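Visitor: Mind looking over this structure? Questions follow.
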Amino acid sequence: MTTRRHFVQSASALAALGTLSPLIARAQGVDQVKIINGFPAGGTADATSRRIGEQLRGSSYTPNAAVVENKPGAGGRIACETVKNAAPDGRTLLLTPFSCTSVYPHIYSKLSYDPFTDLMPVSIAAVMHHGLAVGPMVPATVKNVRDYVAWCKANPDKASYGSPAAGSLPHFLGALLSSYTGVPLTHVPYRGSVPGVTDMLGSQLASMFTPSGDFLANHKAGKIRIIATSGPTRSPFSPEVPTFAEQGFSELTTEEWFGFYAPAKTPSSIINSANAAINATLKNPTVISSLGTFGLAPAGSTVREMDKSQRDAYFRWGPLVKHIGFTGMS
């Protein structure tokens with residue numbers, strides 16, 4: 001690209017002046033940013049990383065589009081540990097749901113990272129509602145949550161639900177539904193949403209809890225049916241679907257966000273630059289529209305607002321995790 005070529009040529013020429021090179025480096029920001037997320041390509045985490053990352057080009061933070069690297073596995077913990085160990089120079093960001101930073105500390109006694117000391121909040125990126133969907137294995141007469149619970153009770157050998165990871169909020173929503181109704185539901189964890197949705201489409205899995213955006217395309221095509229969403233109000237992306245609260249399950253009301261983090265000890269000047277660039281990107285109509293196709297609502301924040309939200313979620317989910325009784329292996 002002409003702009004990129006001009007930047008390289010100019011930087012090379014100015015570098016020869018020696019004493020001016022530090023000033024030029026600071027003026028241009030971070031040369032190349034990598035966004036790491038812990039989930040497979042094709043899902044909501046991947047979409048958020050790519051849609052925002054490509055629009056960072058030309059900001060005061062970085063002259064180039066960010067490179068996205070997927071590190072699926074361990075429910076996103078591998079990605080968190082990777083960023084924890086990265087150099088605190090602004091070149092590496094983590095994009096993760098708050099499950100990894102606010103819920104996992106209650107689950108794993110030997111978590112490989114401390115969300116409050118090893119990672120620095122940068123900005124909330126997007127808010128999502130989770131959904132419960134059923135696939136072809138479940139008869140068309142199942143139209144709502146109570147129908148689903150009754151069907152599971154009558155078909156215990158098929159009463160299973162998938163989630164994008166053990167210990168994720170979708171996992172716990174299924175566990176809470178099981179606890180509050182007294183109907184056993186078998187949890188099937190996946191490495192992200194996409195493999196679980198694929199199994200549900202193929203009638204290998206009855207149902208799934210996951211970000212509702214991961215269901216939207218197949219729901220609109222009539223291949224699966226979203227029967228409830230977790231937000232305090234109906235999702236604008238599937239307004240025909242009632243919330244859990246509307247159906248008598250207010251305990252399952254929750255929202256979750258994806259947020260950007262940097263390694264601890266990243267200079268505040270870089271954090272602030274990244275925050276400003278991300279928040280500007282979230283006002284871009286192209287980004288808003290693109291994220292909307294995945295059921296995501298852009299929601300920027302200050303660093304302090306994100307830190308408070310993370311801590312609020314931590315204190316809310318602690319008692320619920322204890323109620324569910326789930327403990328993950330380190």
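FYI, nothing fancy with the structure tokens labels: chains A, B, ... in order, residues from 1 per chain, ligands from 1 as they appear.
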Excluding range 146-154 of chain A and its own-chain neighbours fewer than 3 positions away, which residues fall within 9 Å of it when counting only C-alpha atoms? Please give them as a list of chain:residue names.
Guide: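 My list of contacting residues is A:Val134, A:Val138, A:Pro139, A:Thr141, A:Val142, A:Lys143, A:Asp157, A:Lys158, A:Ala159, A:Ser160, A:Leu177, A:Ser178, A:Thr181, A:Val183, A:Pro184, A:Leu185, A:Ile227, A:Gln247, A:Gly248.
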Visitor: Can those selected residues be exported to a file as a CSV table (one decimal), in the first residue's frame so that it contains C-alpha atoms?
Guide:
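So the final result, stored in out-v4.csv, reads:
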```csv
chain,number,residue,atom,x,y,z
A,134,VAL,CA,-32.1,-26.6,20.5
A,138,VAL,CA,-35.3,-31.9,19.8
A,139,PRO,CA,-38.9,-32.1,18.5
A,141,THR,CA,-43.1,-29.0,19.8
A,142,VAL,CA,-40.4,-27.7,22.2
A,143,LYS,CA,-40.9,-24.0,21.9
A,157,ASP,CA,-30.5,-40.2,27.8
A,158,LYS,CA,-30.6,-37.1,25.4
A,159,ALA,CA,-30.7,-34.4,28.0
A,160,SER,CA,-27.3,-32.8,27.2
A,177,LEU,CA,-31.2,-24.3,35.0
A,178,SER,CA,-30.6,-27.9,36.1
A,181,THR,CA,-35.6,-27.2,38.0
A,183,VAL,CA,-33.8,-31.9,36.1
A,184,PRO,CA,-30.4,-33.5,35.4
A,185,LEU,CA,-28.6,-32.0,32.4
A,227,ILE,CA,-35.7,-20.5,22.8
A,247,GLN,CA,-40.2,-17.3,31.0
A,248,GLY,CA,-39.9,-17.5,34.8
```
Visitor: Got a sec: who's within 8 Å of range 164-174 of chain A, counting only C-alpha atoms, leaving out chain neighbours fewer than 6 positions off, as an mmCIF file with all heavy atoms, in the first residue's frame?
Guide:
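Wrote result_37.cif, looks like this:
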```cif
data_model
loop_
_atom_site.group_PDB
_atom_site.id
_atom_site.type_symbol
_atom_site.label_atom_id
_atom_site.label_comp_id
_atom_site.auth_asym_id
_atom_site.auth_seq_id
_atom_site.Cartn_x
_atom_site.Cartn_y
_atom_site.Cartn_z
ATOM 1 N N ALA A 74 -8.451 -24.868 26.776
ATOM 2 C CA ALA A 74 -8.554 -24.582 28.215
ATOM 3 C C ALA A 74 -9.503 -23.424 28.485
ATOM 4 O O ALA A 74 -9.315 -22.661 29.434
ATOM 5 C CB ALA A 74 -7.170 -24.305 28.804
ATOM 6 N N GLY A 75 -10.531 -23.298 27.659
ATOM 7 C CA GLY A 75 -11.545 -22.277 27.895
ATOM 8 C C GLY A 75 -11.033 -20.861 27.830
ATOM 9 O O GLY A 75 -11.601 -19.958 28.437
ATOM 10 N N SER A 99 -15.447 -14.157 31.572
ATOM 11 C CA SER A 99 -15.373 -15.459 32.261
ATOM 12 C C SER A 99 -13.939 -15.755 32.693
ATOM 13 O O SER A 99 -13.693 -16.236 33.803
ATOM 14 C CB SER A 99 -15.837 -16.599 31.337
ATOM 15 O OG SER A 99 -17.170 -16.463 30.969
ATOM 16 N N CYS A 100 -12.994 -15.447 31.809
ATOM 17 C CA CYS A 100 -11.595 -15.805 32.052
ATOM 18 C C CYS A 100 -10.959 -14.985 33.162
ATOM 19 O O CYS A 100 -9.974 -15.416 33.773
ATOM 20 C CB CYS A 100 -10.783 -15.637 30.766
ATOM 21 S SG CYS A 100 -11.293 -16.738 29.429
ATOM 22 N N VAL A 103 -14.568 -15.103 36.527
ATOM 23 C CA VAL A 103 -15.190 -16.348 36.981
ATOM 24 C C VAL A 103 -14.150 -17.431 37.268
ATOM 25 O O VAL A 103 -14.225 -18.121 38.291
ATOM 26 C CB VAL A 103 -16.212 -16.856 35.939
ATOM 27 C CG1 VAL A 103 -16.882 -18.139 36.431
ATOM 28 C CG2 VAL A 103 -17.265 -15.788 35.662
ATOM 29 N N TYR A 104 -13.162 -17.560 36.403
ATOM 30 C CA TYR A 104 -12.168 -18.614 36.577
ATOM 31 C C TYR A 104 -11.428 -18.570 37.918
ATOM 32 O O TYR A 104 -11.076 -19.628 38.452
ATOM 33 C CB TYR A 104 -11.159 -18.586 35.429
ATOM 34 C CG TYR A 104 -11.699 -19.111 34.104
ATOM 35 C CD1 TYR A 104 -13.024 -19.521 33.982
ATOM 36 C CD2 TYR A 104 -10.891 -19.177 32.979
ATOM 37 C CE1 TYR A 104 -13.514 -19.981 32.773
ATOM 38 C CE2 TYR A 104 -11.376 -19.647 31.766
ATOM 39 C CZ TYR A 104 -12.684 -20.037 31.670
ATOM 40 O OH TYR A 104 -13.168 -20.498 30.472
ATOM 41 N N ILE A 107 -12.862 -20.909 40.229
ATOM 42 C CA ILE A 107 -12.929 -22.308 39.789
ATOM 43 C C ILE A 107 -11.603 -23.026 39.941
ATOM 44 O O ILE A 107 -11.552 -24.167 40.417
ATOM 45 C CB ILE A 107 -13.367 -22.369 38.300
ATOM 46 C CG1 ILE A 107 -14.753 -21.753 38.131
ATOM 47 C CG2 ILE A 107 -13.344 -23.805 37.789
ATOM 48 C CD1 ILE A 107 -15.157 -21.603 36.685
ATOM 49 N N HIS A 130 -26.168 -14.422 26.154
ATOM 50 C CA HIS A 130 -26.075 -15.845 25.861
ATOM 51 C C HIS A 130 -27.462 -16.373 25.521
ATOM 52 O O HIS A 130 -28.481 -15.774 25.888
ATOM 53 C CB HIS A 130 -25.494 -16.599 27.048
ATOM 54 C CG HIS A 130 -24.080 -16.203 27.360
ATOM 55 N ND1 HIS A 130 -23.055 -16.407 26.469
ATOM 56 C CD2 HIS A 130 -23.523 -15.593 28.447
ATOM 57 C CE1 HIS A 130 -21.925 -15.949 26.993
ATOM 58 N NE2 HIS A 130 -22.183 -15.457 28.186
ATOM 59 N N LEU A 185 -29.081 -32.300 33.723
ATOM 60 C CA LEU A 185 -28.643 -31.955 32.372
ATOM 61 C C LEU A 185 -27.157 -32.245 32.281
ATOM 62 O O LEU A 185 -26.374 -31.760 33.100
ATOM 63 C CB LEU A 185 -28.901 -30.477 32.066
ATOM 64 C CG LEU A 185 -30.344 -29.973 32.144
ATOM 65 C CD1 LEU A 185 -30.387 -28.464 31.931
ATOM 66 C CD2 LEU A 185 -31.212 -30.676 31.111
ATOM 67 N N HIS A 187 -23.552 -31.814 30.921
ATOM 68 C CA HIS A 187 -22.781 -30.776 30.250
ATOM 69 C C HIS A 187 -21.729 -31.386 29.335
ATOM 70 O O HIS A 187 -21.007 -32.303 29.720
ATOM 71 C CB HIS A 187 -22.091 -29.874 31.290
ATOM 72 C CG HIS A 187 -21.184 -28.858 30.680
ATOM 73 N ND1 HIS A 187 -19.850 -28.724 31.041
ATOM 74 C CD2 HIS A 187 -21.400 -27.920 29.712
ATOM 75 C CE1 HIS A 187 -19.307 -27.747 30.347
ATOM 76 N NE2 HIS A 187 -20.216 -27.249 29.533
ATOM 77 N N PRO A 189 -18.559 -29.950 27.275
ATOM 78 C CA PRO A 189 -17.729 -28.780 26.954
ATOM 79 C C PRO A 189 -17.058 -28.927 25.592
ATOM 80 O O PRO A 189 -16.662 -30.015 25.199
ATOM 81 C CB PRO A 189 -16.691 -28.764 28.075
ATOM 82 C CG PRO A 189 -16.544 -30.207 28.463
ATOM 83 C CD PRO A 189 -17.912 -30.819 28.285
ATOM 84 N N TYR A 190 -16.938 -27.800 24.892
ATOM 85 C CA TYR A 190 -16.266 -27.769 23.594
ATOM 86 C C TYR A 190 -15.128 -26.766 23.625
ATOM 87 O O TYR A 190 -14.999 -25.976 24.565
ATOM 88 C CB TYR A 190 -17.256 -27.391 22.485
ATOM 89 C CG TYR A 190 -18.202 -28.492 22.103
ATOM 90 C CD1 TYR A 190 -19.393 -28.679 22.804
ATOM 91 C CD2 TYR A 190 -17.907 -29.367 21.067
ATOM 92 C CE1 TYR A 190 -20.277 -29.702 22.462
ATOM 93 C CE2 TYR A 190 -18.782 -30.392 20.714
ATOM 94 C CZ TYR A 190 -19.963 -30.560 21.415
ATOM 95 O OH TYR A 190 -20.817 -31.572 21.074
ATOM 96 N N ARG A 191 -14.311 -26.785 22.597
ATOM 97 C CA ARG A 191 -13.245 -25.788 22.427
ATOM 98 C C ARG A 191 -13.794 -24.646 21.589
ATOM 99 O O ARG A 191 -13.474 -24.473 20.416
ATOM 100 C CB ARG A 191 -12.027 -26.424 21.746
ATOM 101 C CG ARG A 191 -11.275 -27.411 22.629
ATOM 102 C CD ARG A 191 -10.320 -28.263 21.810
ATOM 103 N NE ARG A 191 -9.299 -27.484 21.118
ATOM 104 C CZ ARG A 191 -8.087 -27.217 21.614
ATOM 105 N NH1 ARG A 191 -7.754 -27.677 22.809
ATOM 106 N NH2 ARG A 191 -7.215 -26.516 20.934
ATOM 107 N N GLY A 192 -14.699 -23.863 22.189
ATOM 108 C CA GLY A 192 -15.354 -22.785 21.475
ATOM 109 C C GLY A 192 -16.757 -23.173 21.048
ATOM 110 O O GLY A 192 -17.181 -24.337 21.165
ATOM 111 N N SER A 193 -17.486 -22.207 20.529
ATOM 112 C CA SER A 193 -18.889 -22.419 20.164
ATOM 113 C C SER A 193 -19.079 -23.213 18.874
ATOM 114 O O SER A 193 -19.991 -24.028 18.760
ATOM 115 C CB SER A 193 -19.585 -21.060 20.013
ATOM 116 O OG SER A 193 -19.535 -20.321 21.203
ATOM 117 N N GLY A 196 -19.498 -27.063 18.849
ATOM 118 C CA GLY A 196 -20.743 -27.480 19.495
ATOM 119 C C GLY A 196 -21.952 -27.231 18.613
ATOM 120 O O GLY A 196 -22.849 -28.084 18.521
ATOM 121 N N PHE A 209 -25.856 -23.901 25.195
ATOM 122 C CA PHE A 209 -25.807 -22.554 25.744
ATOM 123 C C PHE A 209 -24.513 -21.925 25.228
ATOM 124 O O PHE A 209 -23.438 -22.500 25.398
ATOM 125 C CB PHE A 209 -25.747 -22.579 27.274
ATOM 126 C CG PHE A 209 -27.037 -22.883 27.970
ATOM 127 C CD1 PHE A 209 -27.466 -24.196 28.139
ATOM 128 C CD2 PHE A 209 -27.820 -21.864 28.496
ATOM 129 C CE1 PHE A 209 -28.639 -24.481 28.812
ATOM 130 C CE2 PHE A 209 -28.998 -22.134 29.169
ATOM 131 C CZ PHE A 209 -29.416 -23.452 29.325
ATOM 132 N N THR A 210 -24.617 -20.758 24.633
ATOM 133 C CA THR A 210 -23.424 -20.067 24.136
ATOM 134 C C THR A 210 -23.840 -18.651 23.751
ATOM 135 O O THR A 210 -25.042 -18.336 23.768
ATOM 136 C CB THR A 210 -22.801 -20.831 22.948
ATOM 137 O OG1 THR A 210 -21.394 -20.597 22.887
ATOM 138 C CG2 THR A 210 -23.436 -20.466 21.619
ATOM 139 N N PRO A 211 -22.899 -17.756 23.434
ATOM 140 C CA PRO A 211 -23.315 -16.428 22.981
ATOM 141 C C PRO A 211 -24.339 -16.537 21.853
ATOM 142 O O PRO A 211 -24.133 -17.274 20.881
ATOM 143 C CB PRO A 211 -22.001 -15.812 22.499
ATOM 144 C CG PRO A 211 -20.972 -16.418 23.387
ATOM 145 C CD PRO A 211 -21.425 -17.843 23.560
ATOM 146 N N LEU A 252 -31.259 -16.622 35.625
ATOM 147 C CA LEU A 252 -30.349 -16.823 34.496
ATOM 148 C C LEU A 252 -30.106 -15.528 33.721
ATOM 149 O O LEU A 252 -29.508 -15.540 32.644
ATOM 150 C CB LEU A 252 -30.896 -17.900 33.552
ATOM 151 C CG LEU A 252 -30.546 -19.356 33.916
ATOM 152 C CD1 LEU A 252 -31.204 -19.770 35.223
ATOM 153 C CD2 LEU A 252 -30.974 -20.319 32.809
ATOM 154 N N VAL A 321 -20.939 -19.749 41.602
ATOM 155 C CA VAL A 321 -20.032 -20.878 41.338
ATOM 156 C C VAL A 321 -20.041 -21.837 42.532
ATOM 157 O O VAL A 321 -20.067 -23.058 42.375
ATOM 158 C CB VAL A 321 -18.604 -20.362 41.067
ATOM 159 C CG1 VAL A 321 -17.619 -21.530 41.026
ATOM 160 C CG2 VAL A 321 -18.567 -19.601 39.749
ATOM 161 N N ILE A 324 -23.223 -23.858 42.465
ATOM 162 C CA ILE A 324 -23.169 -24.915 41.446
ATOM 163 C C ILE A 324 -22.240 -26.039 41.895
ATOM 164 O O ILE A 324 -22.469 -27.224 41.620
ATOM 165 C CB ILE A 324 -22.685 -24.324 40.102
ATOM 166 C CG1 ILE A 324 -23.767 -23.365 39.556
ATOM 167 C CG2 ILE A 324 -22.388 -25.417 39.079
ATOM 168 C CD1 ILE A 324 -23.292 -22.481 38.432
ATOM 169 N N PHE A 326 -18.992 -26.390 41.054
ATOM 170 C CA PHE A 326 -18.041 -26.827 40.041
ATOM 171 C C PHE A 326 -16.639 -26.383 40.408
ATOM 172 O O PHE A 326 -16.411 -25.227 40.766
ATOM 173 C CB PHE A 326 -18.409 -26.247 38.669
ATOM 174 C CG PHE A 326 -17.413 -26.558 37.584
ATOM 175 C CD1 PHE A 326 -17.379 -27.811 36.983
ATOM 176 C CD2 PHE A 326 -16.498 -25.605 37.166
ATOM 177 C CE1 PHE A 326 -16.476 -28.104 35.984
ATOM 178 C CE2 PHE A 326 -15.572 -25.874 36.170
ATOM 179 C CZ PHE A 326 -15.561 -27.132 35.574
ATOM 180 N N GLY A 328 -12.742 -26.711 38.705
ATOM 181 C CA GLY A 328 -11.971 -27.167 37.549
ATOM 182 C C GLY A 328 -10.622 -27.691 37.963
ATOM 183 O O GLY A 328 -10.072 -27.329 39.010
#
```
Visitor: Can you pull out every residue from range 137-187 of chain A that DSSP, working from the backbone, puts in alpha helix (DSSP H), and format the result as a list in words?
Guide: Val145, Arg146, Asp147, Tyr148, Val149, Ala150, Trp151, Cys152, Lys153, Ala154, Leu169, Pro170, His171, Phe172, Leu173, Gly174, Ala175, Leu176, Leu177, Ser178, Ser179, Tyr180 and Thr181 of chain A
Visitor: Looking at A:Ser49, A:Asn64, A:Thr229, A:Asn218, which one is nearest to Leu95 in chain A, with distances taken over only C-alpha atoms?
Guide: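 Checking each candidate against Leu95 in chain A, we get A:Ser49 as the closest.
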Visitor: Can you list every residue of range 152-258 of chain A that has an atom at most 7 Å from range 295-298 of chain A, with its nearest atom pair and the distance in Å to one decimal, using only C-alpha atoms, ordered by chain then number, as JSON lines?
Guide:
```
{"residue": "A:Ser212", "atom": "CA", "partner": "A:Gly295", "partner_atom": "CA", "distance": 6.4}
{"residue": "A:Gly213", "atom": "CA", "partner": "A:Gly295", "partner_atom": "CA", "distance": 4.0}
{"residue": "A:Phe237", "atom": "CA", "partner": "A:Gly295", "partner_atom": "CA", "distance": 5.8}
```
Visitor: Could you save those same residues with N, CA, C and O atoms as an mmCIF file, in the first residue's frame?
Guide:
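Dumped to out32.cif:
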```cif
data_model
loop_
_atom_site.group_PDB
_atom_site.id
_atom_site.type_symbol
_atom_site.label_atom_id
_atom_site.label_comp_id
_atom_site.auth_asym_id
_atom_site.auth_seq_id
_atom_site.Cartn_x
_atom_site.Cartn_y
_atom_site.Cartn_z
ATOM 1 N N SER A 212 -25.443 -15.821 21.987
ATOM 2 C CA SER A 212 -26.538 -16.005 21.035
ATOM 3 C C SER A 212 -26.133 -15.652 19.611
ATOM 4 O O SER A 212 -26.721 -16.159 18.646
ATOM 5 N N GLY A 213 -25.120 -14.809 19.463
ATOM 6 C CA GLY A 213 -24.656 -14.477 18.124
ATOM 7 C C GLY A 213 -24.141 -15.674 17.361
ATOM 8 O O GLY A 213 -24.192 -15.705 16.119
ATOM 9 N N PHE A 237 -31.060 -8.480 18.267
ATOM 10 C CA PHE A 237 -30.702 -9.304 17.111
ATOM 11 C C PHE A 237 -31.647 -10.497 16.932
ATOM 12 O O PHE A 237 -31.660 -11.125 15.882
#
```
Visitor: Set the distance at 12 Å and use only C-alpha atoms: which residues neighbour Met120 in chain A once local chain neighbours fewer than 2 positions away are removed? I'd like the list as a VMD selection string.
Guide: chain A and resid 80 83 to 84 88 90 92 to 95 101 113 to 118 122 to 124 259 to 268 270 to 272 274 to 275 303 to 304 306 to 307 310
Visitor: Counting only C-alpha atoms, what is within 9 Å of Thr253 in chain A, bar same-chain residues fewer than 6 positions away, as a short mmCIF file (atom, residue, chain, number, x, y, z; two decimals) with C-alpha atoms, in the first residue's frame?
Guide:
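Resulting contents of part_34.cif:
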```cif
data_model
loop_
_atom_site.label_atom_id
_atom_site.label_comp_id
_atom_site.auth_asym_id
_atom_site.auth_seq_id
_atom_site.Cartn_x
_atom_site.Cartn_y
_atom_site.Cartn_z
CA LEU A 173 -26.30 -21.07 32.92
CA THR A 229 -31.69 -15.33 25.74
CA SER A 230 -30.00 -14.21 28.94
CA GLY A 231 -30.17 -10.42 28.80
CA PRO A 232 -32.31 -8.18 31.01
CA THR A 243 -35.64 -13.85 27.75
CA PHE A 244 -35.16 -16.41 30.49
CA ALA A 245 -36.68 -13.89 32.91
#
```
Visitor: For a test of reading the model, state the distance in Å between CA of Ala280 in chain A and CA of Ser301 in chain A, rounded to one decimal.
Guide: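 Here the two named atoms are 10.8 Å from each other.
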